[in-house]
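Engineer: To start, I am sharing the structure in question, which I have written as structure tokens.
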Amino acid sequence: MNDRTMGDWHASDSREVAMPTGVLAVRTEPGPYPLDALLGFGARANAKRGFLFVSKVLGKHWPSRPGAMRELHDALAARLPAALPGPVVFIAMAETAIGLGQGVFEAHLRRHPEGTALFLHTTRYRIDGAPLVEFAEPHSHAPRQFLHLPTDPALHELFMRARSLVLVDDEASTGTTFRNLAAACRALNPALAHVHLATLTDFMGAGAGDALAEAIGLPVTQGAALRGSYTFAAGASFPETALAQVVGAADGVAVGGAFGRTGLLRPLSIPAATVDALASGIGAGERVLVLGTGEFMHAPFLLAGALEARGIEVAVQSTTRSPILEWGAIGSRLAFADNYGEGIANYVYNVRPGQYAHVFICHETPAGEALRDLAGQVGGRLVHFRSESDIA
């Protein structure tokens, strides 16, 4: 995608997709992005929701160009209301939209350097000593989510006096998760005056924003790259055999808040020395994949962007614990144990051994057996982000 394409107006589109778990019917409204540029279709190994919109610009299940992702971050930031009252809190939804939300937050800071904004992301993990809000994402394979409040007193005070809440997700379907989280935040902070939903795709349908505003008790605006509606007719049987049984130790790994779980005020950055060291081993014309792990998505995107700026052919995506069938937009699947130590099978999709000359596996957890197994499967090199400036 480029600026010319982003300015074009594409016609509506209708699809009926027969998949192993049922039939998905999708209709999109006219808009600045064609459906095929943004997403494909996948079948989920999830009895509660047997389909998946596979984003091509999210850097999760599909190898994505950093430049195209950054354009979407800028476009969604531009769709925020001009008179959005501040301070503004951005909250990205785990795990899929963490990188998207942080990218939109940073794009907003570039557009409004004088403004005050705070970034947080929800998580599947608990942080010791950080107060949290628990809410539900009903359709997910892992419905429990946590929002940790900032532990830094200044950031906590900023959260408690914020006037606007920007909730970022890759997809809006029913609005239930947004409603649950917004209601929890408003209960903590009665000063909230506005909620904005920033999504790649908005399938909530006409009138959903008004219904959400009534349920929350606040004005709600919406900004999406693609809008439309869908229906899904589940099949008579569900392919349970598609679920991988790859598990490891379930002791759990301590996670921290350095990369957004307990609040950030400024953009992340990747040290030039790290980029130099990794770029020095890449030969002319060699393809590179930067692979994030689980909830650790935005720093890998920034690394991939820095490599792309040097003329290197690079894609970025992430591992996930979402079980998806090898079908449709999911051409391949590798399974490995959970590097976060909760004993949950993890996957990487659309990455085949030998596909890339270099695979940099970026992780925030210690380099245990699960990550070494992943590195062995994809022929990758582990890059440990202990903090923003401590990378090995």
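Ordering of the structure tokens sets the chain letters (A, B, ...), residue numbers begin anew at 1 in every chain, and ligands are numbered from 1 in the order given.
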Based on DSSP run over this structure's backbone, return all residues of range 138-305 of chain A in strand (DSSP E or B), as JSON, numbers by chain.

Structural biologist: {"A": [144, 145, 146, 147, 148, 164, 165, 166, 167, 168, 169, 170, 171, 172, 194, 195, 196, 197, 198, 199, 200, 201, 202, 220, 221, 222, 223, 224, 225, 226, 227, 228, 229, 230, 231, 232, 233, 234, 264, 287, 288, 289, 290, 291, 292, 293, 296]}

Engineer: Mind checking which residues fall within 10 Å of Asn350 in chain A, counting only C-alpha atoms, ignoring those fewer than 4 positions away in the same chain, and posting them as JSON, numbers by chain?

Structural biologist: {"A": [61, 62, 63, 317, 326, 329, 330, 331, 332, 333, 334, 355]}

Engineer: Could you write out the selected residues, including C-alpha atoms, as an mmCIF file, in the first residue's frame?

Structural biologist:
```cif
data_model
loop_
_atom_site.group_PDB
_atom_site.id
_atom_site.type_symbol
_atom_site.label_atom_id
_atom_site.label_comp_id
_atom_site.auth_asym_id
_atom_site.auth_seq_id
_atom_site.Cartn_x
_atom_site.Cartn_y
_atom_site.Cartn_z
ATOM 1 C CA HIS A 61 -0.482 -14.644 11.716
ATOM 2 C CA TRP A 62 0.728 -13.367 8.340
ATOM 3 C CA PRO A 63 4.178 -11.999 7.408
ATOM 4 C CA GLN A 317 4.996 -11.348 12.520
ATOM 5 C CA GLU A 326 -4.019 -25.190 8.224
ATOM 6 C CA ALA A 329 -4.889 -17.929 4.637
ATOM 7 C CA ILE A 330 -3.023 -20.234 7.034
ATOM 8 C CA GLY A 331 -0.672 -22.154 4.776
ATOM 9 C CA SER A 332 1.474 -23.795 7.434
ATOM 10 C CA ARG A 333 1.662 -24.229 11.176
ATOM 11 C CA LEU A 334 4.473 -24.995 13.596
ATOM 12 C CA GLN A 355 11.840 -19.825 3.890
#
```

Engineer: What is the distance between CA of Glu134 in chain A and CA of Arg261 in chain A, in Å to one decimal?

Structural biologist: 13.6 Å

Engineer: Name the closest residue to Pro366 in chain A among the candidates A:Ile344, A:Ile98, A:Leu291, A:Val255; distances are taken between atoms, counting only C-alpha atoms.

Structural biologist: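 For Pro366 in chain A, the nearest of the candidates is A:Val255.
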
Engineer: Might you pull out every residue within 12 Å of range 109-118 of chain A, with only C-alpha atoms counted and same-chain residues fewer than 6 positions away left off, and present them as a ChimeraX atom specification?

Structural biologist: /A:73-80,82-92,101-103,149-150,154-167,260-268

Engineer: Pull N, CA and C atoms from the residues just selected and write them as a CSV table (one decimal), in the first residue's frame.

Structural biologist:
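Output contents, as saved in part23.csv:
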```
chain,number,residue,atom,x,y,z
A,73,HIS,N,-1.1,2.4,10.9
A,73,HIS,CA,-1.0,3.1,12.2
A,73,HIS,C,-1.3,4.5,12.0
A,74,ASP,N,-0.7,5.1,11.0
A,74,ASP,CA,-0.9,6.6,10.8
A,74,ASP,C,-2.4,6.8,10.4
A,75,ALA,N,-2.9,5.9,9.5
A,75,ALA,CA,-4.3,6.1,9.1
A,75,ALA,C,-5.3,6.1,10.2
A,76,LEU,N,-5.1,5.1,11.1
A,76,LEU,CA,-6.0,5.0,12.3
A,76,LEU,C,-5.9,6.2,13.2
A,77,ALA,N,-4.6,6.6,13.4
A,77,ALA,CA,-4.4,7.8,14.3
A,77,ALA,C,-5.1,9.0,13.7
A,78,ALA,N,-5.1,9.1,12.4
A,78,ALA,CA,-5.7,10.3,11.7
A,78,ALA,C,-7.2,10.3,11.9
A,79,ARG,N,-7.8,9.1,12.2
A,79,ARG,CA,-9.2,9.0,12.3
A,79,ARG,C,-9.7,9.3,13.7
A,80,LEU,N,-8.8,9.6,14.6
A,80,LEU,CA,-9.3,10.1,16.0
A,80,LEU,C,-9.9,11.4,15.8
A,82,ALA,N,-10.8,15.2,16.0
A,82,ALA,CA,-9.9,16.3,16.2
A,82,ALA,C,-10.0,17.0,17.6
A,83,ALA,N,-11.2,17.0,18.1
A,83,ALA,CA,-11.4,17.6,19.4
A,83,ALA,C,-11.4,16.6,20.6
A,84,LEU,N,-10.7,15.5,20.5
A,84,LEU,CA,-10.7,14.5,21.5
A,84,LEU,C,-10.1,15.2,22.8
A,85,PRO,N,-10.9,15.2,23.9
A,85,PRO,CA,-10.4,15.8,25.1
A,85,PRO,C,-9.3,15.0,25.7
A,86,GLY,N,-8.3,15.7,26.2
A,86,GLY,CA,-7.1,15.1,26.9
A,86,GLY,C,-7.2,15.3,28.4
A,87,PRO,N,-6.3,14.5,29.1
A,87,PRO,CA,-5.4,13.5,28.5
A,87,PRO,C,-6.1,12.3,27.9
A,88,VAL,N,-5.3,11.6,27.1
A,88,VAL,CA,-5.9,10.4,26.4
A,88,VAL,C,-5.1,9.2,26.8
A,89,VAL,N,-5.9,8.1,27.1
A,89,VAL,CA,-5.3,6.8,27.4
A,89,VAL,C,-5.6,5.9,26.2
A,90,PHE,N,-4.6,5.3,25.7
A,90,PHE,CA,-4.7,4.3,24.6
A,90,PHE,C,-4.5,2.9,25.3
A,91,ILE,N,-5.5,2.0,25.0
A,91,ILE,CA,-5.4,0.7,25.5
A,91,ILE,C,-5.5,-0.3,24.3
A,92,ALA,N,-4.4,-1.1,24.1
A,92,ALA,CA,-4.4,-2.1,23.1
A,92,ALA,C,-4.8,-3.5,23.7
A,101,GLY,N,-1.9,-1.4,18.6
A,101,GLY,CA,-2.3,-0.3,19.5
A,101,GLY,C,-1.1,0.6,19.8
A,102,GLN,N,0.1,0.0,20.0
A,102,GLN,CA,1.3,0.8,20.3
A,102,GLN,C,1.7,1.6,19.1
A,103,GLY,N,1.5,1.0,17.9
A,103,GLY,CA,1.8,1.8,16.7
A,103,GLY,C,0.8,3.0,16.5
A,149,LEU,N,-3.0,-1.5,36.2
A,149,LEU,CA,-2.9,0.0,36.3
A,149,LEU,C,-1.5,0.4,36.5
A,150,PRO,N,-1.1,1.6,36.1
A,150,PRO,CA,0.3,2.0,36.2
A,150,PRO,C,0.8,1.9,37.7
A,154,ALA,N,3.0,9.0,38.9
A,154,ALA,CA,2.7,10.0,38.0
A,154,ALA,C,1.8,9.4,36.9
A,155,LEU,N,2.1,8.2,36.4
A,155,LEU,CA,1.3,7.6,35.4
A,155,LEU,C,0.0,7.1,35.9
A,156,HIS,N,-0.1,6.7,37.1
A,156,HIS,CA,-1.3,6.3,37.7
A,156,HIS,C,-2.3,7.5,37.9
A,157,GLU,N,-1.7,8.6,38.3
A,157,GLU,CA,-2.4,9.9,38.4
A,157,GLU,C,-3.0,10.3,37.0
A,158,LEU,N,-2.2,10.1,36.0
A,158,LEU,CA,-2.6,10.5,34.6
A,158,LEU,C,-3.7,9.6,34.2
A,159,PHE,N,-3.7,8.3,34.5
A,159,PHE,CA,-4.8,7.4,34.1
A,159,PHE,C,-6.1,7.9,34.8
A,160,MET,N,-5.9,8.3,36.1
A,160,MET,CA,-7.1,8.6,36.8
A,160,MET,C,-7.8,9.9,36.5
A,161,ARG,N,-7.1,10.8,35.7
A,161,ARG,CA,-7.7,12.0,35.3
A,161,ARG,C,-7.8,12.1,33.8
A,162,ALA,N,-7.6,11.0,33.1
A,162,ALA,CA,-7.8,11.0,31.6
A,162,ALA,C,-9.2,11.3,31.3
A,163,ARG,N,-9.4,12.1,30.2
A,163,ARG,CA,-10.7,12.4,29.7
A,163,ARG,C,-11.2,11.5,28.5
A,164,SER,N,-10.2,11.0,27.8
A,164,SER,CA,-10.6,10.2,26.6
A,164,SER,C,-9.9,8.8,26.7
A,165,LEU,N,-10.6,7.8,26.2
A,165,LEU,CA,-10.2,6.4,26.2
A,165,LEU,C,-10.2,6.0,24.8
A,166,VAL,N,-9.0,5.6,24.2
A,166,VAL,CA,-8.9,5.0,22.9
A,166,VAL,C,-8.7,3.5,23.0
A,167,LEU,N,-9.6,2.7,22.6
A,167,LEU,CA,-9.5,1.3,22.6
A,167,LEU,C,-9.1,0.7,21.3
A,260,GLY,N,4.9,-1.9,28.1
A,260,GLY,CA,3.5,-1.3,28.0
A,260,GLY,C,2.5,-1.9,28.9
A,261,ARG,N,2.8,-2.9,29.7
A,261,ARG,CA,1.7,-3.5,30.6
A,261,ARG,C,1.4,-2.5,31.7
A,262,THR,N,2.3,-1.7,32.1
A,262,THR,CA,2.0,-0.8,33.2
A,262,THR,C,2.1,0.7,32.8
A,263,GLY,N,2.2,0.9,31.5
A,263,GLY,CA,2.1,2.3,31.1
A,263,GLY,C,3.4,2.9,30.5
A,264,LEU,N,3.2,3.6,29.3
A,264,LEU,CA,4.3,4.3,28.6
A,264,LEU,C,3.8,5.6,28.2
A,265,LEU,N,4.7,6.6,28.3
A,265,LEU,CA,4.4,8.0,27.8
A,265,LEU,C,5.0,8.3,26.5
A,266,ARG,N,6.0,7.6,26.1
A,266,ARG,CA,6.8,7.9,24.9
A,266,ARG,C,6.9,6.7,24.0
A,267,PRO,N,7.4,7.0,22.8
A,267,PRO,CA,7.6,5.8,21.9
A,267,PRO,C,8.8,5.0,22.3
A,268,LEU,N,8.7,3.7,22.0
A,268,LEU,CA,9.9,2.8,22.2
A,268,LEU,C,10.9,3.1,21.1
```

Engineer: Would you return as a ChimeraX atom specification the members of range 200-299 of chain A that DSSP assigns to helix (DSSP H, G or I) on this structure's backbone?

Structural biologist: /A:208-216,240-242,272-279,298-299

Engineer: Put those residues in a file: C-alpha atoms, as an mmCIF file, in the first residue's frame.

Structural biologist:
```cif
data_model
loop_
_atom_site.group_PDB
_atom_site.id
_atom_site.type_symbol
_atom_site.label_atom_id
_atom_site.label_comp_id
_atom_site.auth_asym_id
_atom_site.auth_seq_id
_atom_site.Cartn_x
_atom_site.Cartn_y
_atom_site.Cartn_z
ATOM 1 C CA ALA A 208 -23.669 -0.529 17.154
ATOM 2 C CA GLY A 209 -21.773 2.598 18.156
ATOM 3 C CA ASP A 210 -24.934 4.231 19.509
ATOM 4 C CA ALA A 211 -25.842 1.066 21.425
ATOM 5 C CA LEU A 212 -22.360 0.918 22.889
ATOM 6 C CA ALA A 213 -22.523 4.585 23.902
ATOM 7 C CA GLU A 214 -25.829 3.965 25.665
ATOM 8 C CA ALA A 215 -24.417 0.926 27.494
ATOM 9 C CA ILE A 216 -21.264 2.762 28.617
ATOM 10 C CA GLU A 240 -11.141 -31.328 17.451
ATOM 11 C CA THR A 241 -8.151 -33.237 16.068
ATOM 12 C CA ALA A 242 -6.734 -29.924 14.832
ATOM 13 C CA ALA A 272 21.253 1.696 16.613
ATOM 14 C CA ALA A 273 23.978 -0.677 17.803
ATOM 15 C CA THR A 274 21.456 -3.546 17.865
ATOM 16 C CA VAL A 275 20.308 -2.794 14.335
ATOM 17 C CA ASP A 276 23.920 -2.486 13.158
ATOM 18 C CA ALA A 277 24.894 -5.818 14.685
ATOM 19 C CA LEU A 278 21.995 -7.704 13.122
ATOM 20 C CA ALA A 279 22.194 -5.975 9.736
ATOM 21 C CA HIS A 298 5.918 -3.826 19.017
ATOM 22 C CA ALA A 299 9.685 -3.903 19.587
#
```

Engineer: Using only C-alpha atoms, which residues sit within 12 Å of Gly380 in chain A once same-chain residues fewer than 6 positions away are excluded, as an MDAnalysis selection string?

Structural biologist: chainID A and resid 288:292 351:362 371:374

Engineer: Rounded to one decimal in Å, what is the spacing between CA of Ala172 in chain A and CA of Thr199 in chain A?

Structural biologist: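 Going from CA of Ala172 in chain A over to CA of Thr199 in chain A, I get 6.6 Å.
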
Engineer: Using only C-alpha atoms, which residues sit within 8 Å of Gly235 in chain A once same-chain residues fewer than 3 positions away are excluded, as a list in words?

Structural biologist: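 What passes the distance filter is Pro20, Thr21, Gly22, Val23 and Phe238 of chain A.
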
Engineer: Show me, as a ChimeraX atom specification, the residues that have an atom within 7 Å of Phe135 in chain A when counting only C-alpha atoms, minus same-chain residues fewer than 6 positions from it.

Structural biologist: /A:144-146,180-181

Engineer: Write the residues of the selection above to a file with N, CA and C atoms, as a CSV table (one decimal), in the first residue's frame.

Structural biologist:
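File again_7.csv, as written:
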```
chain,number,residue,atom,x,y,z
A,144,ARG,N,-10.2,-14.7,29.6
A,144,ARG,CA,-9.9,-13.8,30.7
A,144,ARG,C,-8.7,-12.9,30.3
A,145,GLN,N,-9.0,-11.6,30.5
A,145,GLN,CA,-7.9,-10.6,30.3
A,145,GLN,C,-7.7,-9.7,31.5
A,146,PHE,N,-6.5,-9.2,31.6
A,146,PHE,CA,-6.2,-8.3,32.7
A,146,PHE,C,-5.7,-6.9,32.2
A,180,ASN,N,-17.1,-4.1,28.0
A,180,ASN,CA,-16.7,-4.6,29.3
A,180,ASN,C,-15.5,-3.8,29.8
A,181,LEU,N,-14.5,-3.5,28.9
A,181,LEU,CA,-13.3,-2.8,29.4
A,181,LEU,C,-13.6,-1.3,29.6
```

Engineer: CA of Arg15 in chain A and CA of Gly31 in chain A are how many Å apart?

Structural biologist: 16.2 Å

Engineer: Pick out the closest residue to Phe105 in chain A from this set: A:Glu16, A:Asn346, A:Ala198, A:Leu325. Count only C-alpha atoms.

Structural biologist: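 Nearest to Phe105 in chain A: A:Ala198.
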